[in-house]
>>> print(open('my_file.cif').read())   # mmCIF, C-alpha atoms and all ligand atoms
data_model
loop_
_atom_site.label_atom_id
_atom_site.label_comp_id
_atom_site.auth_asym_id
_atom_site.auth_seq_id
_atom_site.Cartn_x
_atom_site.Cartn_y
_atom_site.Cartn_z
CA MET G 1 119.25 100.33 102.83
CA SER G 2 121.65 98.17 100.91
CA TRP G 3 121.85 94.89 99.04
CA ARG G 4 122.77 91.85 101.07
CA LEU G 5 124.06 88.56 99.79
CA ALA G 6 121.60 85.73 100.42
CA THR G 7 122.21 82.01 100.14
CA VAL G 8 119.46 79.60 99.21
CA GLY G 9 119.10 77.28 102.21
CA ALA G 10 116.30 75.13 100.83
CA ALA G 11 113.72 75.09 98.08
CA MET G 12 110.50 73.17 98.36
CA ARG G 13 107.68 72.71 95.88
CA LEU G 14 104.38 74.24 97.00
CA THR G 15 102.29 73.61 93.87
CA ASP G 16 102.98 72.68 90.23
CA SER G 17 103.89 76.29 89.56
CA ALA G 18 105.16 77.56 92.91
CA ARG G 19 108.07 77.00 95.21
CA SER G 20 108.99 77.99 98.73
CA ILE G 21 112.54 79.29 98.93
CA ARG G 22 114.38 79.61 102.21
CA LEU G 23 117.10 82.22 102.20
CA ASP G 24 119.89 82.66 104.70
CA VAL G 25 120.67 86.36 104.87
CA PRO G 26 123.52 87.33 107.21
CA GLY G 27 122.64 90.63 108.87
CA TRP G 28 118.91 90.38 108.13
CA PRO G 29 117.27 92.40 110.92
CA GLY G 30 114.03 90.41 111.04
CA ASN G 31 110.79 91.55 109.49
CA LEU G 32 107.18 92.35 110.21
CA ALA G 33 104.35 90.21 108.89
CA GLY G 34 103.42 91.38 105.38
CA GLN G 35 106.69 93.03 104.40
CA HIS G 36 108.52 92.24 101.19
CA LEU G 37 112.04 92.43 99.82
CA ASP G 38 113.62 93.28 96.50
CA LEU G 39 115.57 90.48 94.89
CA ARG G 40 118.31 91.18 92.37
CA LEU G 41 119.85 88.79 89.89
CA THR G 42 122.98 89.67 87.95
CA ALA G 43 123.86 87.85 84.73
CA GLU G 44 127.43 87.14 83.69
CA ASP G 45 127.35 90.07 81.27
CA GLY G 46 126.34 92.41 84.10
CA TYR G 47 122.65 92.65 83.17
CA GLN G 48 120.51 92.98 86.29
CA ALA G 49 116.88 92.21 87.03
CA VAL G 50 115.13 93.37 90.19
CA ARG G 51 111.74 92.02 91.40
CA SER G 52 109.81 92.34 94.64
CA TYR G 53 108.81 89.27 96.66
CA SER G 54 106.73 89.10 99.80
CA ILE G 55 108.17 87.36 102.82
CA ALA G 56 106.18 84.35 104.05
CA SER G 57 107.97 84.34 107.38
CA ALA G 58 107.86 86.96 110.12
CA GLY G 59 109.82 87.86 113.22
CA PRO G 60 113.50 87.91 114.14
CA GLY G 61 116.18 85.73 112.59
CA GLU G 62 118.42 85.63 109.54
CA SER G 63 116.57 82.84 107.77
CA ILE G 64 113.52 83.91 105.78
CA GLU G 65 111.05 82.24 103.45
CA LEU G 66 109.68 83.36 100.09
CA GLY G 67 106.86 81.83 98.05
CA VAL G 68 107.27 82.33 94.32
CA ASP G 69 104.76 81.46 91.62
CA ARG G 70 105.98 81.01 88.06
CA VAL G 71 104.86 83.59 85.50
CA PRO G 72 105.33 81.76 82.19
CA ASP G 73 108.02 83.44 80.07
CA GLY G 74 108.94 85.70 82.96
CA GLU G 75 112.50 86.82 83.39
CA VAL G 76 112.93 86.03 87.06
CA SER G 77 110.19 83.78 88.44
CA PRO G 78 110.86 80.69 86.25
CA TYR G 79 114.45 80.76 87.44
CA LEU G 80 113.36 80.90 91.08
CA VAL G 81 110.70 78.21 90.69
CA ASP G 82 112.55 75.78 88.43
CA ASP G 83 116.28 76.36 88.61
CA VAL G 84 117.57 77.89 91.81
CA MET G 85 119.34 75.37 94.04
CA THR G 86 120.48 75.10 97.62
CA GLY G 87 123.74 77.00 97.96
CA ASP G 88 123.00 79.45 95.14
CA GLN G 89 123.53 83.10 95.95
CA LEU G 90 121.52 86.16 95.07
CA GLU G 91 121.06 89.67 96.40
CA VAL G 92 118.19 90.97 98.50
CA ARG G 93 117.25 94.37 99.88
CA GLY G 94 114.86 94.73 102.81
CA PRO G 95 112.77 94.32 104.81
CA LEU G 96 110.58 96.71 102.85
CA GLY G 97 107.23 98.41 103.26
CA GLY G 98 105.61 99.45 106.51
CA TRP G 99 102.06 99.84 105.25
CA PHE G 100 100.87 96.38 104.16
CA VAL G 101 101.75 95.02 107.57
CA TRP G 102 99.87 93.39 110.44
CA HIS G 103 100.95 94.45 113.92
CA GLU G 104 100.41 91.91 116.66
CA ASP G 105 99.14 94.53 119.10
CA ASP G 106 96.22 95.36 116.80
CA PRO G 107 93.13 93.90 118.49
CA SER G 108 90.89 94.29 115.41
CA PRO G 109 89.41 91.29 113.67
CA VAL G 110 91.30 90.72 110.45
CA GLN G 111 90.12 89.63 107.03
CA LEU G 112 92.86 88.39 104.70
CA ILE G 113 92.06 87.99 100.99
CA GLY G 114 94.68 86.54 98.66
CA GLY G 115 94.68 85.56 95.01
CA GLY G 116 97.38 83.16 93.76
CA SER G 117 100.76 84.09 95.21
CA GLY G 118 99.00 86.90 97.09
CA VAL G 119 98.75 84.31 99.86
CA VAL G 120 102.44 84.82 100.68
CA PRO G 121 102.32 88.00 102.82
CA LEU G 122 99.04 86.81 104.31
CA ILE G 123 100.48 83.55 105.60
CA ALA G 124 103.17 85.62 107.27
CA MET G 125 100.36 87.44 109.09
CA ALA G 126 98.62 84.18 110.00
CA ARG G 127 101.91 82.76 111.30
CA ALA G 128 102.66 85.90 113.30
CA HIS G 129 99.14 85.87 114.72
CA ARG G 130 99.58 82.30 115.87
CA ALA G 131 103.13 82.81 117.16
CA ALA G 132 101.98 85.79 119.22
CA GLY G 133 99.08 83.79 120.66
CA ALA G 134 96.92 86.73 119.64
CA THR G 135 93.24 86.36 120.42
CA SER G 136 91.95 88.63 117.64
CA ARG G 137 89.87 86.86 115.01
CA PHE G 138 91.56 86.07 111.68
CA ARG G 139 89.62 85.00 108.65
CA MET G 140 91.31 84.24 105.35
CA LEU G 141 89.90 83.91 101.87
CA VAL G 142 92.06 82.38 99.17
CA SER G 143 91.24 82.47 95.48
CA ALA G 144 92.91 79.67 93.51
CA ARG G 145 92.40 77.96 90.19
CA THR G 146 92.06 74.44 91.62
CA PRO G 147 92.61 72.71 94.98
CA GLU G 148 96.14 71.86 93.82
CA ASP G 149 96.96 75.54 93.31
CA VAL G 150 96.60 76.77 96.90
CA LEU G 151 99.98 77.90 98.22
CA PHE G 152 100.73 76.61 101.74
CA ALA G 153 97.50 74.54 101.65
CA PRO G 154 98.49 71.96 104.32
CA GLU G 155 99.55 74.67 106.75
CA LEU G 156 96.43 76.74 106.13
CA SER G 157 94.21 73.69 106.65
CA ALA G 158 96.03 72.90 109.88
CA LEU G 159 95.51 76.44 111.14
CA ASP G 160 91.86 76.21 110.13
CA ALA G 161 91.48 72.91 111.99
CA THR G 162 92.94 74.29 115.22
CA PRO G 163 90.19 74.30 117.85
CA GLY G 164 88.67 77.70 118.59
CA ASP G 165 87.66 80.42 116.18
CA ARG G 166 90.88 82.39 115.96
CA PHE G 167 91.57 81.39 112.37
CA ALA G 168 89.16 80.34 109.66
CA LEU G 169 89.97 79.56 106.04
CA ASP G 170 87.72 79.82 102.98
CA VAL G 171 88.69 79.05 99.42
CA VAL G 172 87.06 80.15 96.18
CA TYR G 173 88.04 78.05 93.15
CA THR G 174 88.10 79.76 89.79
CA ARG G 175 88.45 76.69 87.52
CA ARG G 176 87.72 73.47 89.41
CA GLY G 177 86.79 72.65 93.00
CA PRO G 178 87.13 69.49 95.06
CA GLU G 179 84.64 66.74 94.30
CA ASP G 180 81.09 67.61 95.41
CA TRP G 181 82.11 71.22 96.07
CA PRO G 182 78.83 72.95 96.89
CA PHE G 183 79.84 76.49 96.00
CA PRO G 184 80.03 78.22 92.64
CA ILE G 185 83.23 77.92 90.61
CA GLY G 186 84.47 81.26 89.32
CA ARG G 187 86.10 84.52 90.21
CA VAL G 188 85.56 86.08 93.60
CA ASP G 189 82.46 88.23 93.25
CA ARG G 190 80.29 90.13 95.65
CA ALA G 191 78.23 87.07 96.60
CA ALA G 192 81.37 85.03 97.35
CA LEU G 193 82.73 87.85 99.49
CA GLU G 194 79.47 88.16 101.40
CA ARG G 195 79.44 84.40 102.00
CA THR G 196 83.07 84.01 103.09
CA THR G 197 84.32 87.22 104.70
CA LEU G 198 83.76 89.07 107.96
CA PRO G 199 80.72 91.36 107.90
CA VAL G 200 80.89 95.14 107.81
CA SER G 201 79.53 95.20 111.36
CA ASP G 202 82.81 93.65 112.61
CA SER G 203 84.73 96.54 111.08
CA PRO G 204 87.65 94.24 110.22
CA ALA G 205 91.09 95.36 109.11
CA ILE G 206 91.25 93.97 105.57
CA PHE G 207 94.35 92.99 103.60
CA VAL G 208 93.93 92.21 99.89
CA CYS G 209 96.84 90.95 97.84
CA GLY G 210 97.54 89.26 94.53
CA PRO G 211 97.35 89.99 90.81
CA THR G 212 96.43 93.63 90.16
CA GLY G 213 93.08 92.86 88.51
CA PHE G 214 92.06 90.58 91.39
CA VAL G 215 93.01 93.14 94.03
CA GLU G 216 91.11 95.97 92.35
CA THR G 217 87.97 93.92 91.73
CA VAL G 218 87.89 92.63 95.30
CA ALA G 219 88.56 96.07 96.80
CA ASP G 220 85.72 97.58 94.73
CA HIS G 221 83.30 94.87 95.89
CA LEU G 222 84.34 95.38 99.51
CA VAL G 223 83.60 99.10 99.29
CA ALA G 224 80.26 98.35 97.57
CA ILE G 225 79.39 95.94 100.39
CA GLY G 226 79.94 98.81 102.82
CA HIS G 227 83.46 98.39 104.20
CA ASP G 228 85.28 101.62 105.05
CA PRO G 229 87.94 102.18 102.35
CA ASP G 230 90.32 103.28 105.10
CA ARG G 231 90.15 99.77 106.59
CA ILE G 232 91.19 98.12 103.31
CA LYS G 233 94.90 97.75 102.56
CA THR G 234 95.92 96.47 99.16
CA GLU G 235 99.11 95.20 97.55
CA ARG G 236 99.21 94.71 93.78
CA PHE G 237 101.61 92.10 92.42
CA GLY G 238 101.14 93.04 88.75
CA GLY G 239 100.03 90.86 85.88
CA ALA G 240 96.49 90.53 84.63
CA MET B 1 105.24 95.84 78.85
CA ASP B 2 103.67 98.17 81.38
CA GLU B 3 103.10 96.58 84.76
CA ARG B 4 100.32 98.03 86.93
CA LEU B 5 101.39 98.02 90.57
CA ASP B 6 101.09 100.29 93.60
CA GLY B 7 103.31 102.34 95.86
CA ASN B 8 104.39 99.35 97.96
CA VAL B 9 106.81 98.47 95.18
CA LEU B 10 108.65 101.78 95.65
CA ALA B 11 109.83 100.92 99.17
CA GLY B 12 113.19 99.53 98.08
CA MET B 13 114.11 102.36 95.76
CA LEU B 14 113.00 105.08 98.18
CA GLY B 15 114.85 103.23 100.91
CA GLU B 16 118.06 103.97 99.02
CA LEU B 17 117.37 107.69 99.44
CA PHE B 18 115.74 107.94 102.87
CA ASP B 19 116.48 106.17 106.10
CA PHE B 20 112.78 105.85 106.91
CA ASP B 21 110.05 104.02 105.03
CA ALA B 22 108.73 106.65 102.63
CA THR B 23 105.83 104.45 101.48
CA THR B 24 104.12 105.11 104.83
CA ALA B 25 104.62 108.88 104.45
CA LYS B 26 101.56 110.84 103.41
CA GLY B 27 101.76 112.70 100.16
CA ARG B 28 99.44 115.41 98.88
CA CYS B 29 98.60 115.46 95.19
CA ARG B 30 99.53 118.79 93.61
CA HIS B 31 96.66 118.45 91.17
CA CYS B 32 93.59 117.45 93.24
CA GLY B 33 94.84 117.73 96.82
CA ASP B 34 94.13 114.09 97.69
CA GLU B 35 96.17 112.96 100.68
CA ALA B 36 97.29 109.35 100.89
CA VAL B 37 100.27 107.29 101.95
CA LEU B 38 102.59 106.64 99.03
CA ALA B 39 101.84 102.91 99.31
CA GLU B 40 98.35 103.70 98.01
CA ALA B 41 99.48 105.46 94.84
CA HIS B 42 98.96 103.67 91.55
CA VAL B 43 102.27 102.78 89.95
CA ILE B 44 103.06 101.91 86.36
CA ALA B 45 106.38 100.13 85.89
CA HIS B 46 108.09 100.06 82.54
CA ASP B 47 111.67 98.95 81.94
CA GLY B 48 112.94 99.96 85.36
CA GLU B 49 111.04 103.25 85.38
CA PHE B 50 108.26 103.64 87.95
CA VAL B 51 105.62 106.34 87.58
CA ALA B 52 103.41 106.86 90.63
CA ARG B 53 100.00 108.38 89.97
CA CYS B 54 97.33 109.82 92.24
CA ARG B 55 94.75 107.17 93.19
CA LYS B 56 91.99 109.77 92.82
CA CYS B 57 92.81 111.92 89.76
CA ASP B 58 95.58 109.92 88.06
CA ALA B 59 97.96 112.89 87.99
CA GLU B 60 101.64 112.01 88.11
CA LEU B 61 103.06 112.20 91.64
CA LEU B 62 106.61 111.00 91.22
CA VAL B 63 108.93 109.16 88.89
CA ALA B 64 111.54 106.76 90.21
CA MET B 65 114.27 105.03 88.26
CA GLU B 66 116.84 102.50 89.27
CA HIS B 67 119.71 101.22 87.21
CA HIS B 68 122.35 99.13 88.95
CA ASP B 69 123.18 101.17 92.05
CA ASP B 70 121.83 104.48 90.75
CA VAL B 71 118.46 105.62 92.01
CA VAL B 72 116.84 108.85 90.80
CA VAL B 73 113.46 110.09 92.03
CA SER B 74 111.59 113.20 90.98
CA PHE B 75 108.74 114.29 93.25
CA ARG B 76 107.28 116.93 90.97
CA GLY B 77 103.60 116.04 91.40
CA LEU B 78 103.62 116.07 95.19
CA ARG B 79 102.75 119.22 97.08
CA GLY B 80 104.20 117.72 100.22
CA LEU B 81 105.34 114.51 101.82
CA GLY B 82 104.95 114.16 105.56
CA ILE B 83 105.30 111.69 108.36
CA HIS B 84 102.33 111.28 110.69
CA PRO B 85 103.25 108.70 113.30
CA ALA B 86 99.61 108.08 114.19
CA TYR B 87 98.68 107.10 110.66
C1 LIG G 301 105.27 94.23 96.45
C2 LIG G 301 105.25 92.98 95.56
C3 LIG G 301 105.32 91.74 96.15
C4 LIG G 301 105.33 90.59 95.35
N1 LIG G 301 105.35 89.37 95.97
C5 LIG G 301 105.34 88.24 95.22
C6 LIG G 301 105.36 86.96 95.86
O1 LIG G 301 105.40 86.83 97.09
N2 LIG G 301 105.34 85.86 95.05
C7 LIG G 301 105.31 85.95 93.68
O2 LIG G 301 105.30 84.90 93.03
N3 LIG G 301 105.29 87.15 93.07
C8 LIG G 301 105.32 88.30 93.81
N4 LIG G 301 105.31 89.52 93.17
C9 LIG G 301 105.43 89.57 91.68
C10 LIG G 301 106.91 89.55 91.29
O3 LIG G 301 107.53 90.74 91.70
C11 LIG G 301 107.13 89.45 89.77
O4 LIG G 301 106.36 90.42 89.12
C12 LIG G 301 106.76 88.09 89.21
O5 LIG G 301 107.54 87.08 89.84
C13 LIG G 301 107.00 88.06 87.70
O6 LIG G 301 108.33 88.36 87.43
P1 LIG G 301 109.06 87.76 86.15
O7 LIG G 301 110.40 88.40 86.05
O8 LIG G 301 109.01 86.28 86.18
O9 LIG G 301 108.12 88.22 84.94
P2 LIG G 301 108.40 89.47 83.96
O10 LIG G 301 109.52 89.10 83.05
O11 LIG G 301 108.53 90.68 84.78
O12 LIG G 301 107.03 89.55 83.21
C14 LIG G 301 106.69 88.63 82.18
C15 LIG G 301 105.23 88.80 81.81
O13 LIG G 301 104.39 88.41 82.92
C16 LIG G 301 103.53 89.46 83.33
N5 LIG G 301 103.56 89.50 84.80
C17 LIG G 301 104.47 90.15 85.57
N6 LIG G 301 104.20 90.00 86.88
C18 LIG G 301 103.12 89.22 86.93
C19 LIG G 301 102.36 88.70 88.02
N7 LIG G 301 102.65 88.98 89.31
N8 LIG G 301 101.31 87.90 87.73
C20 LIG G 301 100.98 87.61 86.44
N9 LIG G 301 101.67 88.09 85.38
C21 LIG G 301 102.71 88.89 85.61
C22 LIG G 301 104.13 90.72 82.75
O14 LIG G 301 103.12 91.67 82.46
C23 LIG G 301 104.82 90.24 81.52
O15 LIG G 301 103.94 90.21 80.43
C24 LIG G 301 105.28 90.69 93.94
C25 LIG G 301 105.22 91.96 93.36
C26 LIG G 301 105.21 93.10 94.15
C27 LIG G 301 105.12 94.43 93.49
ZN ZN G 302 95.20 113.82 92.52
#
>>> encode(input="my_file.cif", output="structure tokens")
Amino acid sequence: MSWRLATVGAAMRLTDSARSIRLDVPGWPGNLAGQHLDLRLTAEDGYQAVRSYSIASAGPGESIELGVDRVPDGEVSPYLVDDVMTGDQLEVRGPLGGWFVWHEDDPSPVQLIGGGSGVVPLIAMARAHRAAGATSRFRMLVSARTPEDVLFAPELSALDATPGDRFALDVVYTRRGPEDWPFPIGRVDRAALERTTLPVSDSPAIFVCGPTGFVETVADHLVAIGHDPDRIKTERFGGA
Amino acid sequence: MDERLDGNVLAGMLGELFDFDATTAKGRCRHCGDEAVLAEAHVIAHDGEFVARCRKCDAELLVAMEHHDDVVVSFRGLRGLGIHPAY
């Protein structure tokens, strides 16, 4: 494993606080859906900062996509969300992690649960699922503050609107929902999970990702509902 | 500030030492005997130092540090680390 030089190919706003960043990485060997990379920035005085970022894209190719949400006062994320420009260079190491990964030959139904930027590795799985023409059932639950805070919202809605039941999207809003939203506003709790996720009887493979507190609360509820802990894979992004 | 993460975050550092993905290797806790892939360990990150703890008993499993191109990992809390392709 070694650091590779990456060039920013494009940066596109996803929400008020998040940006999609396309990186061109010569020599990138492709990646599985759900993997991440380490990104390293070096200041002029030699100071270095390393952070992990999930990869929103999957499959072969030397062009990859990240989705970065700004952590106010953070060292790295405000730079990526607000400052980085096409043509800028940074270092990446990867692809990383073989555990929080969806394999396209897995026939199980899949439940994806993402909070905030936790959507990033999950959209890679949804994209890979679609690209493979897989017939397994995918259901995705996103927790977001408001309708304007859902990363990749247009693409997720389009997947959801595709005829057939291969992909279904649910959103739980923690601060404000769309007008006339019939469901409770607030954190994902047991009732929200029971309403929006695949039942225990489907024995789904479950991927939970996002802020550490979110991931742990959701995983605890899933076990309480009766899901087998061995079917639940988690990835903690840190923070609250 | 301490950042609470999990073993997934160790993949890059361990990848500097091993040419396989060690986060999918199963480790056995020296303290309670729990067996889990490293990805499932609880990890506390502080200033470039990563302490992985047992998800069951919270005992320390390993400490990993990275500074520039130096990576140092101590596996003192693991009774074993093994690859099980079927897992
Ligand atoms: C495996 C993995 C994958 C990740 N993938 C993504 C991704 O796809 N997109 C993405 O936006 N982020 C992702 N993260 C989080 C990312 O690595 C950084 O932690 C985040 O960008 C903050 O870095 P920073 O340098 O801006 O903040 P720092 O300077 O590190 O922290 C500043 C303050 O913010 C708090 N903080 C740190 N991280 C978070 C967080 N995630 N949420 C809330 N508060 C935080 C800290 O406790 C600290 O008080 C991932 C993390 C891991 C471990
Ligand atoms: Zn233990």
>>> closest_residue(input="my_file.cif", among="B:Ala45, B:Phe18, B:Thr24, B:Glu35", to="ligand LIG 301 (chain G)", atoms="only C-alpha atoms and all ligand atoms")
B:Ala45
>>> closest_residue(input="my_file.cif", among="B:Arg28, B:Val63, B:Gly48, B:Arg53", to="ligand LIG 301 (chain G)", atoms="all atoms listed in the file")
B:Gly48
>>> residues_around(input="my_file.cif", residues="G:Ala33", least_positions_apart="2", cutoff="7 Å", atoms="all atoms listed in the file", output="ChimeraX atom specification")
/G:31,35,58,101-102,121,124-125,128
>>> interface_residues(input="my_file.cif", of="chain B", to="chain G", cutoff="8 Å", atoms="only C-alpha atoms", output="ChimeraX atom specification")
/B:3-6,8-9,11-12,15-16,19,21,23-24,39-40,68
>>> residues_near_ligand(input="my_file.cif", ligand="ligand ZN 302 (chain G)", cutoff="10 Å", atoms="all atoms listed in the file", output="number ranges by chain")
B: 28-36, 41, 53-61, 77-78
>>> residues_around(input="my_file.cif", residues="stretch 82-89 of chain G", least_positions_apart="2", cutoff="8 Å", atoms="all atoms listed in the file", output="ChimeraX atom specification")
/G:5-11,78-80,91
>>> residues_near_point(input="my_file.cif", point="(89.3, 73.8, 89.6)", cutoff="7 Å", atoms="all atoms listed in the file", output="PyMOL selection string")
chain G and resi 145-147+173-177
